[in-house]
Amino acid sequence: MGLNLSRTLKAGLKNFFRNGWLSVATISIIMVTLFIINIQIAVVSSENLLLNDIKNRVSISVYFKPETNEQDVLRAKDEFSRYQEVASVEYISKEQALEDFKNENANNEILQKSLEEIETNPFEPTLSIKAWEPRNYELISRAVNESDFRENINTVNYDKYSNVIDNLGKEIDSNQKTGLALGITLAVIAVLITFNSVRITMYSHSREIGIMRLVGASNNFVRMPFVWEGIFYGLISAAIALPLSFLYLKFVAITESSGVILPFSNSIYIEQFLSQVFFKNILWIIPAELGAGILLGMISSFIAIGRYLKNPKR
Amino acid sequence: MENINFKIGEKEFVSIIGSSGAGKSTLMKLLHAEEKPTCGEILFEGEDIVEYKKKQIFQHRRDVGIVFQDFKLLPKKNVFENVAFAMEVAGKSDEEIAEDVPQVLEIVGLSHLAEKYPNEISGGEQQRVAIARALVNRPKVLIADEPTGNLDPESGWEILQSLLKINKYGTTVVLASHDKESIDKINKRVILLEDGKIVSDESVGKYDLKKEKNLKHKKKTKKKRI
């Protein structure tokens, strides 16, 4: 069994090299397919990073009346933290708020002077609530407004962000769907191309295949070299597509002008994608890509062969 | 073909003669499991090859060596590799191949051409490679379908001599040919086919009924519509 495997492997390799330009053409097409699929995945990933970032920046701010006692605010913090939709609650005391404001506007003399003139701290104690899912902000906001602490609450603001998040979410969703459709179409095309190439190879070998079967070669023995050939096509294509995708993302996609392939080209997120997602997962991205290539090649070959080899000449 | 009934015993040398279209090739294909009869059985060592599944057919083709009129060598492999291929197909190890192939090349007198490719050697030499390939797995039966058809008379005679030599060493040989003169000269059993029917089955000289009883092969085919 293992012997046949190694013998057919060598035969497959020979076929592969002897095909010359046909092999080059097949590999190019599979490579382009994998490349585009990779970029699509990168884009979707980057968009998700963007979404997460926004989700993180978005929060409900609950402004308490300035005279509210700190203990009450802290109690409110505890209570709100317990809502299951709430991810975190941050307390910003009025002193802290003042400090932050002073620091953020350090350059603005007029503002600094106005602050000095007002003797009291105009800032309100604030609770900044973040939810797990942006769609829950409305729910949380209502809960807060109806909570025991409502008398101490001045305003709750969240409205501004919900539309943005919803729209972004929708756009990302549709991008994902387009990307998926594109990816699947391309994969089918790649399978067809490989299928075709294997067919052509088999056709040019048809006389030899006939002789082999007359000498007593089993169907598998005849088939395996072509399966190996398909695997080689897939493997090499993947091995080229992956680094190429990386280089493209790193050097080309990052420039503003690449809006063609990428539905949105926000370079920061691509960088982030590369450093956070890509490199972190590189140890399984590489085998996954190679695996995808091999799978593509193998399936095409099997289909190409299956329809070519019928029953032994009878 | 109709009413084909005959038995071939171990170590026999049988020639099937007939003009073109008489059915010789069809008969050879039947023996080689390349064709199926419409009815009847073909028994090889007691088993009916008509009932064989795919796997068994491929095995059968390894047990029965075959030589064709147009040699059917793999063009991209050299002489050694062509013969070795028959062993690869049978799953033999590299060591066995390294041992057996040179031996069989010697038997057919082609050791000096081991590295040559089919297109670099003569027709007679190619046919000898084919014979070597057919022999290398030590089959019990060698089938030759018009082996001299594409060869000039001298090469053809040489091939016939090689087949006789092989038969002497113990392999049953079934030969199909339309070269009646050469076959007459070798004094072996001759089955004459005409229009798909057996016209005569003459065992020349030494073969008698006693030998026919020591049967290893029985081939019986009743009817086959072409």
# chains A, B, ... in the order shown; residues from 1 in each chain; ligands from 1

$ closest_atom_pairs --of "chain B" --to "chain A" --cutoff "12 Å" --atoms "only C-alpha atoms" --output "tab-separated table"
residue	atom	partner	partner_atom	distance
B:Thr26	CA	A:Arg314	CA	11.4
B:Lys29	CA	A:Arg314	CA	8.9
B:Leu30	CA	A:Arg314	CA	9.0
B:Leu31	CA	A:Arg314	CA	11.5
B:His32	CA	A:Leu214	CA	8.6
B:Ala33	CA	A:Arg314	CA	7.0
B:Glu34	CA	A:Arg314	CA	4.8
B:Glu35	CA	A:Arg314	CA	4.4
B:Lys36	CA	A:Arg314	CA	6.0
B:Pro37	CA	A:Arg314	CA	9.6
B:Thr38	CA	A:Arg314	CA	11.6
B:Ile49	CA	A:Arg314	CA	11.8
B:Val50	CA	A:Arg314	CA	10.0
B:Glu51	CA	A:Arg314	CA	11.8
B:Tyr52	CA	A:Arg314	CA	11.1
B:Lys53	CA	A:Pro312	CA	9.7
B:Lys54	CA	A:Pro312	CA	6.8
B:Lys55	CA	A:Ser218	CA	7.0
B:Gln56	CA	A:Ser218	CA	9.6
B:Ile57	CA	A:Gly216	CA	7.9
B:Phe58	CA	A:Gly216	CA	4.6
B:Gln59	CA	A:Gly216	CA	6.5
B:His60	CA	A:Gly216	CA	7.5
B:Arg61	CA	A:Gly216	CA	4.8
B:Arg62	CA	A:Gly216	CA	5.2
B:Asp63	CA	A:Gly216	CA	8.8
B:Val64	CA	A:Val215	CA	9.2
B:Gly65	CA	A:Val215	CA	7.9
B:Ile66	CA	A:Val215	CA	7.6
B:Val67	CA	A:Val215	CA	9.5
B:Phe68	CA	A:Leu214	CA	10.1
B:Asp70	CA	A:Ile211	CA	11.0
B:Phe71	CA	A:Ile211	CA	9.7
B:Lys72	CA	A:Ile211	CA	6.2
B:Leu73	CA	A:Ile211	CA	7.4
B:Leu74	CA	A:Glu208	CA	6.0
B:Pro75	CA	A:Glu208	CA	7.9
B:Lys76	CA	A:Glu208	CA	9.0
B:Lys77	CA	A:Glu208	CA	10.4
B:Asn82	CA	A:Met212	CA	10.2
B:Val83	CA	A:Val215	CA	10.3
B:Ala84	CA	A:Val215	CA	11.4
B:Phe85	CA	A:Met212	CA	8.5
B:Ala86	CA	A:Val215	CA	6.4
B:Met87	CA	A:Val215	CA	9.8
B:Glu88	CA	A:Asn4	CA	7.8
B:Val89	CA	A:Ala217	CA	5.1
B:Ala90	CA	A:Ala217	CA	7.6
B:Gly91	CA	A:Asn4	CA	6.9
B:Lys92	CA	A:Leu3	CA	8.6
B:Ser93	CA	A:Leu3	CA	7.6
B:Asp94	CA	A:Leu3	CA	9.0
B:Ala130	CA	A:Val215	CA	10.3
B:Ile131	CA	A:Val215	CA	11.8
B:Arg133	CA	A:Val215	CA	8.7
B:Ala134	CA	A:Val215	CA	8.1
B:Leu135	CA	A:Val215	CA	11.3
B:Val136	CA	A:Val215	CA	11.5
B:Asn137	CA	A:Val215	CA	10.8
B:Ile143	CA	A:Val215	CA	12.0

$ residues_around --residues "Ile166 (chain B)" --least-positions-apart "3" --cutoff "10 Å" --atoms "only C-alpha atoms" --output "list in words"
Lys11, Phe13, Ile107, Val108, Ile131, Leu135, Leu142, Leu160, Gln161, Ser162, Leu163, Tyr169, Gly170, Thr171, Thr172 and Val173 of chain B

$ residues_around --residues "region 273-277 of chain A" --least-positions-apart "5" --cutoff "12 Å" --atoms "only C-alpha atoms" --output "list in words"
Ile39, Ile41, Ala42, Val43, Val44, Ser45, Ser46, Glu47, Asn48, Leu49, Leu50, Ser245, Phe246, Leu247, Tyr248, Leu249, Lys250, Phe251, Ala253, Ile254, Asn266, Ser267, Ile268, Ile282, Leu283, Trp284 and Ile285 of chain A

$ write_last_selection --atoms "C-alpha atoms" --output "PDB file, in the first residue's frame"
ATOM      1  CA  ILE A  39      -8.188  39.148   0.900  1.00  0.00           C
ATOM      2  CA  ILE A  41     -11.341  37.073   4.695  1.00  0.00           C
ATOM      3  CA  ALA A  42      -8.866  39.753   5.706  1.00  0.00           C
ATOM      4  CA  VAL A  43     -11.359  42.457   4.866  1.00  0.00           C
ATOM      5  CA  VAL A  44     -14.141  40.851   6.820  1.00  0.00           C
ATOM      6  CA  SER A  45     -11.807  40.348   9.726  1.00  0.00           C
ATOM      7  CA  SER A  46     -10.688  43.951   9.616  1.00  0.00           C
ATOM      8  CA  GLU A  47     -14.261  45.109   9.525  1.00  0.00           C
ATOM      9  CA  ASN A  48     -15.000  43.076  12.576  1.00  0.00           C
ATOM     10  CA  LEU A  49     -12.079  44.710  14.308  1.00  0.00           C
ATOM     11  CA  LEU A  50     -13.504  48.067  13.355  1.00  0.00           C
ATOM     12  CA  SER A 245      -1.787  37.935   0.232  1.00  0.00           C
ATOM     13  CA  PHE A 246       0.297  39.010   3.148  1.00  0.00           C
ATOM     14  CA  LEU A 247       2.513  41.212   1.033  1.00  0.00           C
ATOM     15  CA  TYR A 248      -0.473  42.715  -0.679  1.00  0.00           C
ATOM     16  CA  LEU A 249      -2.138  43.538   2.631  1.00  0.00           C
ATOM     17  CA  LYS A 250       0.997  44.917   4.111  1.00  0.00           C
ATOM     18  CA  PHE A 251       2.182  47.105   1.282  1.00  0.00           C
ATOM     19  CA  ALA A 253      -3.907  47.536   0.629  1.00  0.00           C
ATOM     20  CA  ILE A 254      -2.724  50.032   3.156  1.00  0.00           C
ATOM     21  CA  ASN A 266      -9.292  51.508   6.300  1.00  0.00           C
ATOM     22  CA  SER A 267      -5.616  51.002   6.617  1.00  0.00           C
ATOM     23  CA  ILE A 268      -5.448  51.088  10.360  1.00  0.00           C
ATOM     24  CA  ILE A 282      -0.196  32.087  11.811  1.00  0.00           C
ATOM     25  CA  LEU A 283       0.501  28.610  13.105  1.00  0.00           C
ATOM     26  CA  TRP A 284      -2.842  27.407  12.035  1.00  0.00           C
ATOM     27  CA  ILE A 285      -3.410  29.769   9.127  1.00  0.00           C
TER      28      ILE A 285
END

$ atom_distance --atom1 "CA of Asn167 (chain A)" --atom2 "CA of Thr126 (chain A)"
27.7 Å

$ atom_distance --atom1 "CA of Glu45 (chain B)" --atom2 "CA of Asp201 (chain B)"
21.5 Å

$ residues_around --residues "Phe64 (chain A)" --least-positions-apart "3" --cutoff "9 Å" --atoms "only C-alpha atoms" --output "mmCIF file with C-alpha atoms, in the first residue's frame"
data_model
loop_
_atom_site.group_PDB
_atom_site.id
_atom_site.type_symbol
_atom_site.label_atom_id
_atom_site.label_comp_id
_atom_site.auth_asym_id
_atom_site.auth_seq_id
_atom_site.Cartn_x
_atom_site.Cartn_y
_atom_site.Cartn_z
ATOM 1 C CA GLU A 67 -24.992 67.294 44.436
ATOM 2 C CA THR A 68 -25.453 63.504 44.438
ATOM 3 C CA VAL A 73 -23.415 56.830 42.694
ATOM 4 C CA GLU A 124 -21.462 65.845 37.071
ATOM 5 C CA PRO A 125 -20.521 62.461 38.453
ATOM 6 C CA THR A 126 -20.757 60.069 35.553
ATOM 7 C CA LEU A 127 -21.217 56.389 35.083
ATOM 8 C CA ARG A 150 -33.718 57.890 38.686
ATOM 9 C CA GLU A 151 -34.235 60.877 40.867
ATOM 10 C CA ASN A 152 -30.553 61.449 41.074
ATOM 11 C CA ILE A 153 -30.042 61.128 37.381
ATOM 12 C CA ASN A 154 -29.850 64.152 35.198
ATOM 13 C CA THR A 155 -29.478 62.692 31.746
ATOM 14 C CA VAL A 156 -28.772 59.472 30.022
#

$ closest_residue --among "A:Lys280, A:Arg57, A:Arg18, A:Lys10" --to "Trp132 (chain A)" --atoms "only C-alpha atoms"
A:Arg57

$ closest_residue --among "B:Ser182, B:Phe44, B:Ala98, B:Glu194" --to "Glu10 (chain B)" --atoms "only C-alpha atoms"
B:Phe44

$ closest_residue --among "B:Pro139, B:Pro102, B:Gly109, B:Pro147" --to "Met28 (chain B)" --atoms "only C-alpha atoms"
B:Pro147

$ atom_distance --atom1 "CA of Lys130 (chain A)" --atom2 "CA of Asn105 (chain A)"
25.1 Å

$ select_by_dssp --residues "region 92-223 of chain B" --states "strand (DSSP E)" --output "PyMOL selection string"
chain B and resi 141-145+172-177+189-194+197-202+217-223

$ residues_around --residues "Leu34 (chain A)" --least-positions-apart "3" --cutoff "9 Å" --atoms "only C-alpha atoms" --output "number ranges by chain"
A: 29-31, 37-39, 183, 186-187, 190, 237-238, 241-242, 245, 289, 292-293

$ residues_around --residues "Asp184 (chain B)" --least-positions-apart "3" --cutoff "12 Å" --atoms "only C-alpha atoms" --output "list in words"
Val14, Ser15, Ile16, Ile17, Leu160, Ser177, His178, Asp179, Lys180, Glu181, Asn187, Lys188, Arg189, Val190, Ile191, Leu192, Glu202, Ser203 and Val204 of chain B

$ write_last_selection --atoms "C-alpha atoms" --output "compact mmCIF listing (two decimals), in the first residue's frame"
# COMPACT_ATOMS: atom_id res chain seq x y z
CA VAL B 14 -1.48 -23.85 -29.04
CA SER B 15 -1.78 -21.73 -32.15
CA ILE B 16 -5.09 -20.23 -33.17
CA ILE B 17 -5.13 -19.73 -36.89
CA LEU B 160 8.19 -17.41 -32.68
CA SER B 177 -1.71 -15.70 -35.93
CA HIS B 178 -2.68 -15.58 -39.57
CA ASP B 179 0.76 -16.68 -40.68
CA LYS B 180 -0.13 -20.26 -41.47
CA GLU B 181 3.21 -21.15 -43.02
CA ASN B 187 4.59 -28.83 -35.37
CA LYS B 188 2.40 -27.82 -32.50
CA ARG B 189 -1.34 -27.97 -31.87
CA VAL B 190 -3.37 -25.80 -34.20
CA ILE B 191 -6.95 -24.64 -33.85
CA LEU B 192 -8.38 -23.28 -37.05
CA GLU B 202 -5.44 -30.72 -34.70
CA SER B 203 -2.96 -31.71 -32.11
CA VAL B 204 0.04 -32.62 -34.14
